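Here the structure comes first, spelled out in structure tokens, and everything after it is commentary.
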Amino acid sequence: MTRTKMPWRPPYRCSKFRHVYGRTTSHGTYEAIPISSGVGGVHGCDVNPQFIAVVTEAGGGGAFIILPLSHHGRIDPLCPRVCGHRRSVLDVKWNPFNDYVIASCSEDATVCVWEIPEGGLRCNLTKPLCTLVGHVRRVSLIQWHPTASGLLFTAGYDNKVLLWCVEESSIPVRLIACHTDVVLSLSFNVDGSLFATSCRDRRLRVVDSRTGAVLQEKCCTNHRVNLVAFLGNLKRLVTTGVSQWNSRQLLLWDQEHLSEPLVKEEVDGLSGLLFPFYDADTRMLYVAGKGDGNIRYYELNEDKPFLVFLGEFRSPLPQKGLGTMPKRGLDVGACEVYRFYRVVITKSLIEPISMIVPRKSDIFQEDLYPKTASSEPALTAEQWLSGVNRSPVLVSLMKNYKPTVPMEPRPSPKGQKAIDVEQPDEKSLPATETELHSRGLKKKTMMNMMSQKREN
């Protein structure tokens, strides 16, 4: 009889991201912002390494403000705005290849593309670069193509997805009419050849970006899909929604087989939307609830277990939406792997949240920062429309690394030498109560001996 040895597995799972934590700073908030109270699955905020854009309340039309990232603190109520729409602005998106170009969609069924001057706005901006007119009802979603320059996808309440070539004309290049109801969310894969959509008809679709052909489709009867996101090169999808018992769920799908989900995670029994954010460089999935004050984060694996819960950031302030900073704008020296900008409508502020991996080393962490997508497009619009697919142009974040600044010596009075501030050695610090007690006894005996000498 032959014995087969079972493969040994450690009792715990080792991960370099198991100690990730969220850090907020009070001096980095943007306060007194009249945030729009519009409803829906959009965030109303978007960020790039230069500016932050926030949709605001405005009378007589829609508007949003553009603030430099360094402009912290209380915002002037009369600050310049971008105000060219006739009705409320629903969402804004920065061009991933130009930090000074932004697109906005509105309830007036139009999409506008704006160019922001260097240094920010000094007066109200009312004339866009171009106005895209093609939808017959309000436009709720806009997404730039991840690899080709000048391509913009829009989705409206007319159940249509339109593709625009912004750099050439204001006429839609493609019309995709495969949806029977309102499109709730849209997400691209890495090279932009496919996009996934969630629809109000409870169907999850994987669509060819050029032809509009539906490659995969799933009718979710027991899971009402709200939002969907592609998971990088893993060939998987993640959806957030509500079960038939009204509990919030997180589902993981195989991109090529949507028959059954790979993972079904019950989150809680609250009613707000769950926003998924995926970091392809670290394979971490962040899930934030609308109306919640927490951000949950998971780690994804190619094998079982596919989804591993890591931790949770908690805050007493509820969030309406979140903007995310591109990887090229992170603080590499502080081991920051992700950054959120929480839209807190109850306090009229934008609060940045940095996700930090604690490291003691003062060198560049290559395992945390592999090559990531740059601000250079991989294709032109004509190349992509002709059928060429190409992955994003990658760049190393080594150039963004700034080592921690050592503590400077204290200034000394005139005629004296400068006193260097020495950092305490960990070995010299007491580690236990016993060591503290022994040091106290030694100090007491020394004091007694000195007092006896003085008496003699």
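Going by the structure tokens order, chains are called A, B, ..., each with residues numbered from 1, while ligands are numbered from 1 in the order shown.
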Shell around Pro326 in chain A at 8 Å using only C-alpha atoms, local window under 2 positions removed, as a ChimeraX atom specification: /A:47-49,324,328-330
Go ahead and write the selection's residues with all heavy atoms as a CSV table (one decimal), in the first residue's frame.
```csv
chain,number,residue,atom,x,y,z
A,47,VAL,N,-9.5,63.3,-10.1
A,47,VAL,CA,-8.2,63.8,-9.7
A,47,VAL,C,-7.1,63.4,-10.7
A,47,VAL,O,-7.2,62.3,-11.3
A,47,VAL,CB,-7.9,63.3,-8.3
A,47,VAL,CG1,-6.6,64.1,-7.8
A,47,VAL,CG2,-9.0,63.5,-7.3
A,48,ASN,N,-6.2,64.3,-10.9
A,48,ASN,CA,-4.9,63.9,-11.6
A,48,ASN,C,-3.8,64.6,-10.8
A,48,ASN,O,-4.0,65.3,-9.9
A,48,ASN,CB,-5.0,64.4,-13.1
A,48,ASN,CG,-5.0,65.9,-13.3
A,48,ASN,OD1,-4.7,66.6,-12.4
A,48,ASN,ND2,-5.4,66.3,-14.5
A,49,PRO,N,-2.5,64.4,-11.2
A,49,PRO,CA,-1.4,64.9,-10.5
A,49,PRO,C,-1.3,66.5,-10.4
A,49,PRO,O,-0.5,67.0,-9.6
A,49,PRO,CB,-0.2,64.4,-11.2
A,49,PRO,CG,-0.6,63.1,-11.8
A,49,PRO,CD,-2.0,63.4,-12.2
A,324,THR,N,-9.9,59.1,-7.4
A,324,THR,CA,-8.7,58.3,-7.2
A,324,THR,C,-7.6,59.0,-8.0
A,324,THR,O,-7.7,59.5,-9.1
A,324,THR,CB,-8.8,56.9,-7.7
A,324,THR,OG1,-9.2,56.9,-9.0
A,324,THR,CG2,-9.9,56.2,-6.8
A,328,ARG,N,1.1,57.7,-11.0
A,328,ARG,CA,2.2,58.6,-11.2
A,328,ARG,C,2.1,59.9,-10.3
A,328,ARG,O,3.0,60.7,-10.3
A,328,ARG,CB,2.3,59.1,-12.7
A,328,ARG,CG,1.0,59.6,-13.2
A,328,ARG,CD,1.0,59.8,-14.7
A,328,ARG,NE,-0.3,60.2,-15.3
A,328,ARG,CZ,-0.6,61.4,-15.5
A,328,ARG,NH1,0.2,62.4,-15.1
A,328,ARG,NH2,-1.8,61.7,-16.0
A,329,GLY,N,1.0,60.0,-9.5
A,329,GLY,CA,0.9,61.1,-8.6
A,329,GLY,C,1.0,60.7,-7.2
A,329,GLY,O,0.8,61.6,-6.3
A,330,LEU,N,1.4,59.5,-6.9
A,330,LEU,CA,1.5,59.0,-5.5
A,330,LEU,C,2.8,59.4,-4.9
A,330,LEU,O,3.8,59.7,-5.6
A,330,LEU,CB,1.3,57.5,-5.4
A,330,LEU,CG,0.0,56.9,-5.9
A,330,LEU,CD1,0.0,55.4,-5.7
A,330,LEU,CD2,-1.2,57.6,-5.2
```
Write out as a VMD selection string the residues lying within 9 Å of Pro77 in chain A, counting only C-alpha atoms and excluding same-chain residues fewer than 5 positions away. chain A and resid 32 to 34
Ranking A:Thr56, A:Asn301, A:Asn294, A:Ser243 by minimum distance to Gly44 in chain A and counting only C-alpha atoms, which one comes first?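 So, comparing all the options, the nearest one is A:Thr56.
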Considering only C-alpha atoms, can you say which of A:Ala109, A:Val161, A:Val42, A:His19 comes closest to Leu274 in chain A?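 The shortest atom-to-atom distance to Leu274 in chain A comes from A:Val42.
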Using DSSP on the backbone, list every residue of range 179-413 of chain A that comes out as strand (DSSP E or B), and give them as JSON, numbers by chain. {"A": [183, 184, 185, 186, 187, 188, 194, 195, 196, 197, 198, 199, 203, 204, 205, 206, 207, 208, 214, 215, 216, 217, 218, 219, 223, 224, 225, 226, 227, 228, 229, 230, 236, 237, 238, 239, 240, 241, 242, 243, 248, 249, 250, 251, 252, 253, 254, 257, 263, 264, 265, 266, 267, 268, 274, 275, 276, 277, 278, 279, 284, 285, 286, 287, 288, 289, 294, 295, 296, 297, 298, 299, 300, 307, 308, 309, 310, 311, 312, 313, 314, 321, 322, 323, 324, 336, 337, 338, 339, 340, 341, 342, 343, 344, 349, 350, 351, 352, 353, 354, 355, 356, 372, 373, 379, 394, 395, 410]}
Just want the 9 Å neighbourhood of Tyr338 in chain A, counted on only C-alpha atoms, with same-chain residues fewer than 4 positions away dropped. Output as number ranges by chain. A: 279, 324-327, 330, 353-356
Could you write out the selected residues, including N, CA, C and O atoms, as a compact mmCIF listing (two decimals), in the first residue's frame?
```
# COMPACT_ATOMS: atom_id res chain seq x y z
N ASP A 279 -6.57 48.06 -8.28
CA ASP A 279 -5.19 48.45 -8.52
C ASP A 279 -4.48 47.27 -9.17
O ASP A 279 -4.19 46.27 -8.50
N THR A 324 -9.93 59.09 -7.39
CA THR A 324 -8.68 58.33 -7.19
C THR A 324 -7.55 59.00 -7.96
O THR A 324 -7.73 59.49 -9.08
N MET A 325 -6.38 58.99 -7.34
CA MET A 325 -5.19 59.57 -7.95
C MET A 325 -4.49 58.53 -8.81
O MET A 325 -4.33 57.39 -8.38
N PRO A 326 -4.06 58.87 -10.04
CA PRO A 326 -3.25 57.94 -10.84
C PRO A 326 -1.94 57.60 -10.14
O PRO A 326 -1.45 58.36 -9.29
N LYS A 327 -1.37 56.46 -10.48
CA LYS A 327 -0.17 55.99 -9.80
C LYS A 327 0.99 56.97 -9.93
O LYS A 327 1.81 57.08 -9.01
N LEU A 330 1.42 59.49 -6.87
CA LEU A 330 1.51 59.03 -5.49
C LEU A 330 2.84 59.43 -4.86
O LEU A 330 3.81 59.73 -5.56
N ILE A 353 -7.38 60.33 1.42
CA ILE A 353 -7.05 59.15 2.21
C ILE A 353 -5.91 58.42 1.49
O ILE A 353 -6.06 58.02 0.34
N SER A 354 -4.77 58.26 2.17
CA SER A 354 -3.62 57.57 1.60
C SER A 354 -3.55 56.16 2.15
O SER A 354 -3.60 55.96 3.37
N MET A 355 -3.43 55.18 1.26
CA MET A 355 -3.26 53.79 1.66
C MET A 355 -1.76 53.50 1.70
O MET A 355 -1.08 53.59 0.67
N ILE A 356 -1.25 53.16 2.88
CA ILE A 356 0.18 53.07 3.14
C ILE A 356 0.55 51.63 3.47
O ILE A 356 -0.15 50.94 4.22
```
Extract, using only C-alpha atoms, all DNA, RNA and protein residues at most 12 Å from range 172-176 of chain A, discarding same-chain residues fewer than 6 positions from it, and format them as a short mmCIF file (atom, residue, chain, number, x, y, z; two decimals) with C-alpha atoms, in the first residue's frame.
```cif
data_model
loop_
_atom_site.label_atom_id
_atom_site.label_comp_id
_atom_site.auth_asym_id
_atom_site.auth_seq_id
_atom_site.Cartn_x
_atom_site.Cartn_y
_atom_site.Cartn_z
CA VAL A 111 -20.79 66.33 -23.42
CA THR A 131 -19.40 70.20 -27.54
CA LEU A 132 -20.52 66.66 -28.39
CA VAL A 133 -24.20 66.36 -29.28
CA GLY A 134 -25.57 62.90 -30.06
CA HIS A 135 -27.65 61.68 -27.15
CA GLY A 150 -8.65 61.39 -28.12
CA LEU A 151 -11.27 58.61 -27.85
CA LEU A 152 -14.19 59.16 -25.49
CA PHE A 153 -17.06 56.78 -24.67
CA THR A 154 -20.36 58.17 -23.35
CA ALA A 155 -23.54 56.47 -22.10
CA GLY A 156 -26.91 58.11 -21.61
CA ASP A 158 -31.35 56.76 -24.21
CA ASN A 159 -29.79 53.26 -23.68
CA LYS A 160 -26.95 54.00 -26.13
CA VAL A 161 -23.17 54.07 -25.89
CA LEU A 162 -21.44 56.49 -28.28
CA LEU A 163 -17.78 56.63 -29.28
CA TRP A 164 -16.31 60.05 -30.08
CA CYS A 165 -13.04 61.06 -31.67
CA VAL A 166 -12.57 64.35 -29.84
CA VAL A 183 -26.34 51.66 -18.57
CA PHE A 195 -15.57 46.88 -22.05
CA THR A 197 -21.32 47.12 -18.61
CA VAL A 207 -18.85 44.05 -25.39
CA ASP A 208 -16.34 44.52 -28.21
CA SER A 209 -15.31 48.18 -28.07
CA ARG A 210 -15.08 48.64 -31.86
CA THR A 211 -18.00 46.69 -33.26
CA GLY A 212 -20.40 46.75 -30.31
CA ALA A 213 -20.92 42.99 -30.51
CA VAL A 214 -21.90 41.32 -27.23
CA ALA A 381 -7.26 57.27 -32.60
CA GLU A 382 -6.81 56.27 -36.25
CA LEU A 385 -10.09 52.41 -35.11
#
```
Env of Phe64 in chain A: 7 Å cut, atoms = only C-alpha atoms, seq-sep filter 3 positions within chain, self excluded. Answer as an MDAnalysis selection string. chainID A and resid 53:56 81:83
Given only C-alpha atoms as the basis, pick out the residue of A:Ile116, A:His43, A:Ala177, A:Ile66 nearest to Leu90 in chain A.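 The answer is A:His43, which sits nearest to Leu90 in chain A.
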